[in-house]
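Data block for run00.cif (mmCIF, N, CA and C atoms):
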```cif
data_target
loop_
_atom_site.label_atom_id
_atom_site.label_comp_id
_atom_site.auth_asym_id
_atom_site.auth_seq_id
_atom_site.Cartn_x
_atom_site.Cartn_y
_atom_site.Cartn_z
N MET A 1 120.95 78.55 115.72
CA MET A 1 122.22 78.62 116.43
C MET A 1 122.24 77.50 117.47
N GLU A 2 123.30 76.70 117.43
CA GLU A 2 123.44 75.61 118.37
C GLU A 2 123.78 76.14 119.75
N ASP A 3 123.12 75.57 120.77
CA ASP A 3 123.35 76.04 122.14
C ASP A 3 124.80 75.84 122.56
N LYS A 4 125.41 74.71 122.18
CA LYS A 4 126.78 74.43 122.60
C LYS A 4 127.76 75.42 121.98
N SER A 5 127.56 75.77 120.71
CA SER A 5 128.49 76.72 120.08
C SER A 5 128.33 78.11 120.70
N LEU A 6 127.11 78.49 121.04
CA LEU A 6 126.91 79.79 121.71
C LEU A 6 127.58 79.77 123.07
N GLU A 7 127.39 78.69 123.79
CA GLU A 7 128.03 78.55 125.11
C GLU A 7 129.56 78.63 124.97
N ASN A 8 130.12 77.98 123.96
CA ASN A 8 131.57 78.02 123.73
C ASN A 8 132.03 79.43 123.39
N SER A 9 131.27 80.13 122.55
CA SER A 9 131.64 81.50 122.17
C SER A 9 131.64 82.43 123.38
N LEU A 10 130.62 82.30 124.22
CA LEU A 10 130.52 83.16 125.40
C LEU A 10 131.61 82.83 126.42
N LYS A 11 131.95 81.56 126.54
CA LYS A 11 133.05 81.16 127.42
C LYS A 11 134.37 81.74 126.91
N ARG A 12 134.57 81.67 125.59
CA ARG A 12 135.79 82.21 124.99
C ARG A 12 135.86 83.72 125.23
N ALA A 13 134.74 84.41 125.01
CA ALA A 13 134.69 85.86 125.22
C ALA A 13 135.01 86.23 126.66
N ASN A 14 134.49 85.46 127.59
CA ASN A 14 134.67 85.74 129.01
C ASN A 14 136.11 85.56 129.47
N SER A 15 136.92 84.90 128.67
CA SER A 15 138.32 84.69 129.05
C SER A 15 139.18 85.94 128.81
N GLY A 16 138.63 86.93 128.12
CA GLY A 16 139.40 88.14 127.80
C GLY A 16 139.26 89.22 128.86
N GLY A 17 140.31 90.00 129.02
CA GLY A 17 140.32 91.08 130.01
C GLY A 17 139.37 92.22 129.69
N THR A 18 139.25 92.56 128.41
CA THR A 18 138.34 93.66 128.01
C THR A 18 136.90 93.28 128.32
N HIS A 19 136.58 92.02 128.09
CA HIS A 19 135.23 91.51 128.37
C HIS A 19 134.88 91.73 129.84
N LYS A 20 135.83 91.44 130.70
CA LYS A 20 135.60 91.59 132.15
C LYS A 20 135.58 93.05 132.55
N LEU A 21 136.50 93.85 132.00
CA LEU A 21 136.56 95.26 132.33
C LEU A 21 135.24 95.97 131.98
N LEU A 22 134.68 95.62 130.82
CA LEU A 22 133.45 96.28 130.36
C LEU A 22 132.17 95.54 130.79
N LYS A 23 132.34 94.45 131.55
CA LYS A 23 131.20 93.65 132.02
C LYS A 23 130.24 93.35 130.87
N THR A 24 130.81 92.90 129.76
CA THR A 24 130.06 92.66 128.54
C THR A 24 129.08 91.51 128.71
N LYS A 25 127.84 91.73 128.31
CA LYS A 25 126.81 90.68 128.35
C LYS A 25 126.14 90.59 126.99
N PHE A 26 126.13 89.39 126.43
CA PHE A 26 125.39 89.15 125.20
C PHE A 26 123.92 89.06 125.56
N LEU A 27 123.08 89.87 124.90
CA LEU A 27 121.65 89.88 125.19
C LEU A 27 120.88 88.98 124.24
N ASN A 28 121.02 89.22 122.94
CA ASN A 28 120.31 88.39 121.98
C ASN A 28 120.75 88.70 120.55
N LEU A 29 120.21 87.91 119.64
CA LEU A 29 120.39 88.11 118.21
C LEU A 29 119.01 88.26 117.61
N GLU A 30 118.78 89.40 116.97
CA GLU A 30 117.46 89.67 116.40
C GLU A 30 117.64 90.40 115.07
N ASN A 31 117.07 89.84 114.01
CA ASN A 31 117.16 90.43 112.67
C ASN A 31 118.60 90.70 112.26
N ASP A 32 119.47 89.73 112.48
CA ASP A 32 120.90 89.81 112.12
C ASP A 32 121.67 90.85 112.93
N ILE A 33 121.11 91.34 114.01
CA ILE A 33 121.79 92.31 114.87
C ILE A 33 122.04 91.67 116.24
N TYR A 34 123.32 91.65 116.61
CA TYR A 34 123.74 91.11 117.90
C TYR A 34 123.67 92.25 118.91
N LYS A 35 123.01 92.00 120.03
CA LYS A 35 122.83 93.05 121.04
C LYS A 35 123.59 92.68 122.31
N PHE A 36 124.23 93.71 122.89
CA PHE A 36 125.06 93.53 124.08
C PHE A 36 124.79 94.65 125.07
N GLU A 37 125.02 94.35 126.33
CA GLU A 37 125.06 95.37 127.37
C GLU A 37 126.51 95.46 127.81
N LEU A 38 127.00 96.69 127.93
CA LEU A 38 128.36 96.94 128.42
C LEU A 38 128.27 97.99 129.51
N GLU A 39 129.30 98.02 130.34
CA GLU A 39 129.31 99.01 131.41
C GLU A 39 130.68 99.68 131.49
N PHE A 40 130.67 101.00 131.36
CA PHE A 40 131.91 101.77 131.49
C PHE A 40 132.05 102.21 132.94
N SER A 41 133.17 101.84 133.55
CA SER A 41 133.44 102.21 134.94
C SER A 41 134.18 103.55 134.98
N LYS A 42 134.41 104.02 136.18
CA LYS A 42 135.17 105.26 136.39
C LYS A 42 136.56 105.17 135.77
N GLN A 43 137.13 103.96 135.71
CA GLN A 43 138.46 103.75 135.12
C GLN A 43 138.48 104.12 133.63
N CYS A 44 137.33 104.15 132.99
CA CYS A 44 137.24 104.40 131.54
C CYS A 44 137.08 105.87 131.20
N LEU A 45 137.03 106.74 132.21
CA LEU A 45 136.74 108.15 131.96
C LEU A 45 138.00 108.97 131.70
N ASN A 46 137.83 109.99 130.88
CA ASN A 46 138.91 110.94 130.59
C ASN A 46 138.78 112.16 131.51
N PRO A 47 139.66 113.15 131.39
CA PRO A 47 139.57 114.33 132.26
C PRO A 47 138.26 115.14 132.11
N PHE A 48 137.53 114.92 131.01
CA PHE A 48 136.23 115.59 130.84
C PHE A 48 135.11 114.86 131.57
N ASN A 49 135.47 113.73 132.23
CA ASN A 49 134.52 112.89 132.94
C ASN A 49 133.54 112.19 131.99
N THR A 50 134.00 111.95 130.75
CA THR A 50 133.25 111.14 129.79
C THR A 50 134.14 109.97 129.39
N VAL A 51 133.55 108.98 128.75
CA VAL A 51 134.30 107.79 128.38
C VAL A 51 135.36 108.15 127.33
N GLN A 52 136.58 107.72 127.58
CA GLN A 52 137.71 107.97 126.69
C GLN A 52 137.47 107.26 125.36
N GLY A 53 137.85 107.91 124.26
CA GLY A 53 137.59 107.39 122.92
C GLY A 53 138.16 106.01 122.66
N GLY A 54 139.35 105.74 123.18
CA GLY A 54 139.95 104.43 123.00
C GLY A 54 139.15 103.33 123.69
N MET A 55 138.53 103.66 124.80
CA MET A 55 137.68 102.69 125.50
C MET A 55 136.42 102.40 124.69
N ILE A 56 135.90 103.43 124.05
CA ILE A 56 134.72 103.25 123.18
C ILE A 56 135.09 102.34 122.00
N THR A 57 136.25 102.59 121.41
CA THR A 57 136.71 101.75 120.30
C THR A 57 136.94 100.32 120.78
N SER A 58 137.48 100.16 121.98
CA SER A 58 137.66 98.81 122.54
C SER A 58 136.33 98.10 122.70
N ALA A 59 135.31 98.83 123.13
CA ALA A 59 133.98 98.24 123.29
C ALA A 59 133.42 97.79 121.95
N ILE A 60 133.60 98.61 120.91
CA ILE A 60 133.13 98.23 119.58
C ILE A 60 133.91 97.02 119.07
N ASP A 61 135.21 97.00 119.30
CA ASP A 61 136.04 95.85 118.94
C ASP A 61 135.53 94.59 119.65
N GLU A 62 135.24 94.71 120.91
CA GLU A 62 134.77 93.59 121.73
C GLU A 62 133.47 93.00 121.18
N ILE A 63 132.46 93.83 120.95
CA ILE A 63 131.16 93.29 120.54
C ILE A 63 131.17 92.79 119.09
N THR A 64 131.94 93.44 118.22
CA THR A 64 132.00 92.96 116.84
C THR A 64 132.76 91.63 116.77
N SER A 65 133.80 91.50 117.57
CA SER A 65 134.58 90.25 117.58
C SER A 65 133.76 89.09 118.13
N ILE A 66 133.06 89.32 119.22
CA ILE A 66 132.21 88.27 119.79
C ILE A 66 131.14 87.86 118.78
N SER A 67 130.58 88.83 118.06
CA SER A 67 129.54 88.53 117.08
C SER A 67 130.05 87.61 115.97
N VAL A 68 131.28 87.85 115.51
CA VAL A 68 131.86 86.98 114.47
C VAL A 68 132.04 85.57 115.02
N ASN A 69 132.52 85.46 116.24
CA ASN A 69 132.72 84.15 116.84
C ASN A 69 131.40 83.41 117.02
N ILE A 70 130.36 84.11 117.43
CA ILE A 70 129.04 83.48 117.55
C ILE A 70 128.52 83.06 116.18
N PHE A 71 128.62 83.96 115.21
CA PHE A 71 128.11 83.69 113.86
C PHE A 71 128.78 82.47 113.24
N THR A 72 130.08 82.31 113.47
CA THR A 72 130.82 81.18 112.89
C THR A 72 130.79 79.95 113.79
N LYS A 73 129.94 79.96 114.79
CA LYS A 73 129.77 78.84 115.71
C LYS A 73 131.10 78.44 116.38
N ASP A 74 131.83 79.48 116.82
CA ASP A 74 133.10 79.33 117.55
C ASP A 74 134.21 78.72 116.69
N LYS A 75 134.10 78.85 115.37
CA LYS A 75 135.14 78.32 114.49
C LYS A 75 136.20 79.38 114.14
N TYR A 76 135.83 80.68 114.22
CA TYR A 76 136.75 81.75 113.86
C TYR A 76 136.69 82.90 114.85
N LEU A 77 137.83 83.58 114.96
CA LEU A 77 137.92 84.87 115.65
C LEU A 77 138.51 85.87 114.67
N PRO A 78 138.09 87.12 114.76
CA PRO A 78 138.67 88.13 113.87
C PRO A 78 139.97 88.69 114.44
N SER A 79 140.96 88.86 113.56
CA SER A 79 142.20 89.53 113.91
C SER A 79 142.18 90.86 113.15
N SER A 80 142.06 91.93 113.88
CA SER A 80 141.78 93.25 113.28
C SER A 80 142.85 93.70 112.30
N THR A 81 142.39 94.20 111.17
CA THR A 81 143.27 94.88 110.21
C THR A 81 142.96 96.36 110.19
N ASP A 82 141.73 96.72 110.55
CA ASP A 82 141.33 98.13 110.59
C ASP A 82 140.09 98.26 111.46
N ILE A 83 140.05 99.29 112.24
CA ILE A 83 138.83 99.63 112.98
C ILE A 83 138.73 101.15 112.97
N HIS A 84 137.63 101.62 112.49
CA HIS A 84 137.41 103.06 112.35
C HIS A 84 136.20 103.42 113.20
N THR A 85 136.36 104.37 114.08
CA THR A 85 135.28 104.77 114.98
C THR A 85 134.91 106.23 114.75
N THR A 86 133.62 106.46 114.70
CA THR A 86 133.09 107.82 114.62
C THR A 86 132.35 108.09 115.93
N PHE A 87 132.67 109.21 116.55
CA PHE A 87 132.07 109.59 117.83
C PHE A 87 130.97 110.62 117.57
N HIS A 88 129.75 110.28 117.93
CA HIS A 88 128.60 111.14 117.66
C HIS A 88 128.22 112.00 118.86
N ARG A 89 128.38 111.46 120.06
CA ARG A 89 128.10 112.19 121.29
C ARG A 89 128.83 111.51 122.43
N PRO A 90 129.13 112.23 123.50
CA PRO A 90 129.87 111.62 124.61
C PRO A 90 129.05 110.59 125.37
N LEU A 91 129.76 109.67 125.98
CA LEU A 91 129.14 108.69 126.87
C LEU A 91 129.65 108.93 128.28
N SER A 92 128.80 108.63 129.24
CA SER A 92 129.15 108.78 130.65
C SER A 92 129.35 107.41 131.29
N GLU A 93 129.85 107.43 132.49
CA GLU A 93 130.00 106.21 133.27
C GLU A 93 128.65 105.50 133.37
N GLY A 94 128.67 104.18 133.24
CA GLY A 94 127.44 103.41 133.39
C GLY A 94 127.20 102.46 132.23
N LYS A 95 125.99 101.89 132.20
CA LYS A 95 125.63 100.87 131.21
C LYS A 95 125.22 101.51 129.88
N VAL A 96 125.58 100.80 128.80
CA VAL A 96 125.20 101.21 127.46
C VAL A 96 124.78 99.97 126.67
N LEU A 97 124.01 100.19 125.62
CA LEU A 97 123.64 99.14 124.70
C LEU A 97 124.61 99.17 123.54
N GLY A 98 125.08 98.01 123.11
CA GLY A 98 125.93 97.91 121.94
C GLY A 98 125.31 96.95 120.94
N THR A 99 125.45 97.25 119.65
CA THR A 99 124.96 96.36 118.62
C THR A 99 126.05 96.09 117.60
N ALA A 100 125.96 94.94 116.98
CA ALA A 100 126.91 94.59 115.92
C ALA A 100 126.16 93.88 114.81
N LYS A 101 126.57 94.16 113.58
CA LYS A 101 125.98 93.51 112.42
C LYS A 101 127.09 93.13 111.46
N ILE A 102 127.11 91.88 111.07
CA ILE A 102 128.12 91.42 110.12
C ILE A 102 127.70 91.91 108.74
N ILE A 103 128.56 92.73 108.14
CA ILE A 103 128.28 93.30 106.83
C ILE A 103 128.63 92.29 105.74
N LYS A 104 129.83 91.70 105.85
CA LYS A 104 130.27 90.70 104.86
C LYS A 104 131.24 89.75 105.52
N LEU A 105 130.96 88.47 105.36
CA LEU A 105 131.86 87.43 105.83
C LEU A 105 132.37 86.68 104.60
N GLY A 106 133.64 86.88 104.28
CA GLY A 106 134.25 86.18 103.16
C GLY A 106 135.01 84.96 103.65
N LYS A 107 135.84 84.41 102.78
CA LYS A 107 136.63 83.23 103.15
C LYS A 107 137.77 83.59 104.10
N GLN A 108 138.28 84.83 103.98
CA GLN A 108 139.41 85.23 104.81
C GLN A 108 139.21 86.54 105.55
N ILE A 109 138.30 87.37 105.09
CA ILE A 109 138.10 88.71 105.65
C ILE A 109 136.65 88.88 106.08
N VAL A 110 136.47 89.62 107.16
CA VAL A 110 135.12 89.94 107.64
C VAL A 110 135.03 91.44 107.90
N SER A 111 133.87 92.00 107.60
CA SER A 111 133.59 93.41 107.90
C SER A 111 132.34 93.45 108.79
N ILE A 112 132.46 94.18 109.90
CA ILE A 112 131.38 94.23 110.88
C ILE A 112 131.14 95.69 111.27
N GLU A 113 129.87 96.04 111.42
CA GLU A 113 129.52 97.37 111.91
C GLU A 113 129.14 97.26 113.38
N GLY A 114 129.66 98.16 114.20
CA GLY A 114 129.30 98.19 115.61
C GLY A 114 128.78 99.56 115.99
N ARG A 115 127.86 99.59 116.94
CA ARG A 115 127.31 100.85 117.44
C ARG A 115 127.15 100.78 118.94
N LEU A 116 127.37 101.92 119.59
CA LEU A 116 127.08 102.07 121.02
C LEU A 116 126.03 103.15 121.17
N PHE A 117 125.10 102.91 122.07
CA PHE A 117 123.98 103.83 122.28
C PHE A 117 124.02 104.40 123.69
N SER A 118 123.67 105.66 123.80
CA SER A 118 123.57 106.32 125.10
C SER A 118 122.38 105.72 125.86
N PRO A 119 122.31 105.95 127.16
CA PRO A 119 121.17 105.46 127.93
C PRO A 119 119.81 105.97 127.40
N SER A 120 119.83 107.11 126.70
CA SER A 120 118.57 107.62 126.14
C SER A 120 118.26 107.02 124.76
N GLY A 121 119.12 106.11 124.28
CA GLY A 121 118.86 105.41 123.03
C GLY A 121 119.43 106.07 121.78
N LYS A 122 120.21 107.13 121.96
CA LYS A 122 120.81 107.81 120.81
C LYS A 122 122.16 107.18 120.47
N VAL A 123 122.49 107.14 119.18
CA VAL A 123 123.79 106.60 118.77
C VAL A 123 124.89 107.51 119.31
N ALA A 124 125.79 106.93 120.07
CA ALA A 124 126.91 107.68 120.64
C ALA A 124 128.19 107.46 119.84
N ALA A 125 128.34 106.27 119.29
CA ALA A 125 129.53 105.95 118.49
C ALA A 125 129.18 104.84 117.51
N SER A 126 129.80 104.90 116.36
CA SER A 126 129.65 103.82 115.38
C SER A 126 131.03 103.47 114.85
N GLY A 127 131.18 102.22 114.45
CA GLY A 127 132.48 101.80 113.97
C GLY A 127 132.37 100.76 112.88
N LEU A 128 133.37 100.73 112.04
CA LEU A 128 133.50 99.69 111.04
C LEU A 128 134.78 98.93 111.34
N HIS A 129 134.63 97.64 111.55
CA HIS A 129 135.73 96.78 111.96
C HIS A 129 135.99 95.79 110.82
N THR A 130 137.21 95.76 110.33
CA THR A 130 137.62 94.81 109.29
C THR A 130 138.70 93.92 109.89
N ALA A 131 138.62 92.62 109.58
CA ALA A 131 139.55 91.69 110.20
C ALA A 131 139.80 90.47 109.32
N ILE A 132 140.93 89.84 109.58
CA ILE A 132 141.25 88.54 108.99
C ILE A 132 140.63 87.48 109.89
N LEU A 133 140.04 86.46 109.29
CA LEU A 133 139.47 85.36 110.06
C LEU A 133 140.56 84.36 110.44
N VAL A 134 140.66 84.07 111.73
CA VAL A 134 141.64 83.12 112.25
C VAL A 134 140.87 81.96 112.87
N LYS A 135 141.25 80.73 112.49
CA LYS A 135 140.58 79.55 113.05
C LYS A 135 140.85 79.46 114.55
N THR A 136 139.80 79.21 115.32
CA THR A 136 139.98 79.08 116.77
C THR A 136 140.84 77.86 117.09
N SER A 137 140.82 76.84 116.23
CA SER A 137 141.66 75.67 116.45
C SER A 137 143.15 76.05 116.41
N GLN A 138 143.51 77.03 115.58
CA GLN A 138 144.90 77.51 115.55
C GLN A 138 145.25 78.25 116.83
N ILE A 139 144.32 79.04 117.34
CA ILE A 139 144.55 79.79 118.57
C ILE A 139 144.65 78.85 119.76
N ASP A 140 143.75 77.86 119.80
CA ASP A 140 143.69 76.94 120.94
C ASP A 140 144.94 76.08 121.07
N GLN A 141 145.66 75.83 119.98
CA GLN A 141 146.84 74.99 120.07
C GLN A 141 147.98 75.65 120.83
N TYR A 142 147.90 76.98 121.04
CA TYR A 142 148.94 77.70 121.77
C TYR A 142 148.60 77.91 123.25
N LYS A 143 147.50 77.36 123.68
CA LYS A 143 147.11 77.52 125.09
C LYS A 143 147.86 76.56 125.97
#
```

Write the structure described by the file as structure tokens, please.
Amino acid sequence: MEDKSLENSLKRANSGGTHKLLKTKFLNLENDIYKFELEFSKQCLNPFNTVQGGMITSAIDEITSISVNIFTKDKYLPSSTDIHTTFHRPLSEGKVLGTAKIIKLGKQIVSIEGRLFSPSGKVAASGLHTAILVKTSQIDQYK
């Protein structure tokens, strides 16, 4: 992985509001698994005082999208066509580990699996994200 493309991907990710809200940090890439640290604030909680399901899905969307951009060396971003989330256990306010693995990268479509883990290391949510690949050069021309 080229350092400049990683730097560009992380800069692009940092420009998004969800990235800032969740304080997303890319940790590393190991055995085709992208690892991230995210933090759910009090703003992300539902009346049960656990993280709201839509916020969990947003976190999975965030880490899977960043992973595609890193993998393609900042040449593509995914535009979601489907994201399916399964909730295994509740999450509380605070830091969590997130992982993403690219299942299949085609010429136009990408499928990525994302997972969020509780502080004790148990899977709290898993998701399958499918998206159309959009060239970053197309996106950048509208800035």

I need the strand (DSSP E) residues of segment 6-141 of chain A per DSSP on the backbone, written as a ChimeraX atom specification.
/A:25-30,33-40,76-87,94-105,109-117,123-135

Which residue of A:Glu93, A:Lys101, A:Gln43, A:Asp74 approaches Lys4 of chain A most closely, using all atoms listed in the file
A:Asp74

For the file shown, report as an MDAnalysis selection string the outcome of the PyMOL selection byres ((chain A and resi 110) around 8) at residue level.
chainID A and resid 78:79 102:109 111:113 129:133

Hey, what does DSSP flag as alpha helix (DSSP H) within chain A? Can you give it to me as number ranges by chain?
A: 3-14, 17-21, 53-71, 136-140

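In this structure, atom C of Gly54 of chain A sits 9.6 Å away from atom CA of Thr85 of chain A.
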
Could you list, with a cut-off of 6.5 Å and counting only N, CA and C atoms, the residues of segment 39-100 of chain A near segment 5-9 of chain A, each shown with its nearest atom pair and the distance in Å rounded to one decimal, rows sorted by chain and ascending number, as JSON lines?
```
{"residue": "A:Asn69", "atom": "C", "partner": "A:Ser9", "partner_atom": "CA", "distance": 5.5}
{"residue": "A:Ile70", "atom": "N", "partner": "A:Ser9", "partner_atom": "CA", "distance": 5.6}
{"residue": "A:Lys73", "atom": "C", "partner": "A:Ser5", "partner_atom": "CA", "distance": 4.8}
{"residue": "A:Asp74", "atom": "CA", "partner": "A:Ser9", "partner_atom": "CA", "distance": 5.3}
```

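The space between atom CA of Ser120 of chain A and atom CA of Ile56 of chain A spans 17.0 Å.
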
Suppose you want the space between atom N of Asp32 of chain A and atom C of Thr81 of chain A; what is it in Å?
24.5 Å

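Using the PyMOL selection byres ((chain A and resi 90) around 6.5) on the file at hand returns these residues: A:Thr50, A:Val51, A:Phe87, A:His88, A:Arg89, A:Leu91, A:Ser92, A:Ala124.
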
Shell of 12 Å around Glu37 of chain A, only C-alpha atoms, local chain residues under 2 positions omitted, as JSON, numbers by chain
{"A": [19, 22, 23, 24, 25, 26, 27, 28, 34, 35, 39, 40, 59, 60, 62, 63, 94, 95, 96, 97, 98, 99, 100, 115, 116, 117, 118, 119]}

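Each of A:Lys75, A:Arg12, A:Ser67, A:Gly114 was compared to Ser137 of chain A using all atoms listed in the file, and A:Lys75 turns out to be the nearest.
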
When you look at Lys135 of chain A with a cut-off of 8 Å (counting only C-alpha atoms), what residues show up, excluding the ones that are within fewer than 4 positions of it in the same chain? I need them as a PyMOL selection string.
chain A and resi 75-77+139

Determine the axis-aligned bounding box of all atoms of segment 59-69 of chain A present in the file, pad each side by 6 Å, and express its centre and edge lengths in Å to one decimal place as lines of an AutoDock Vina configuration file.
```
center_x = 132.8
center_y = 91.1
center_z = 118.9
size_x = 18.5
size_y = 27.4
size_z = 20.8
```

Counting only N, CA and C atoms, which residue out of A:Thr136, A:Pro47, A:Ala13, A:Gly121 sits closest to Ser65 of chain A?
A:Ala13
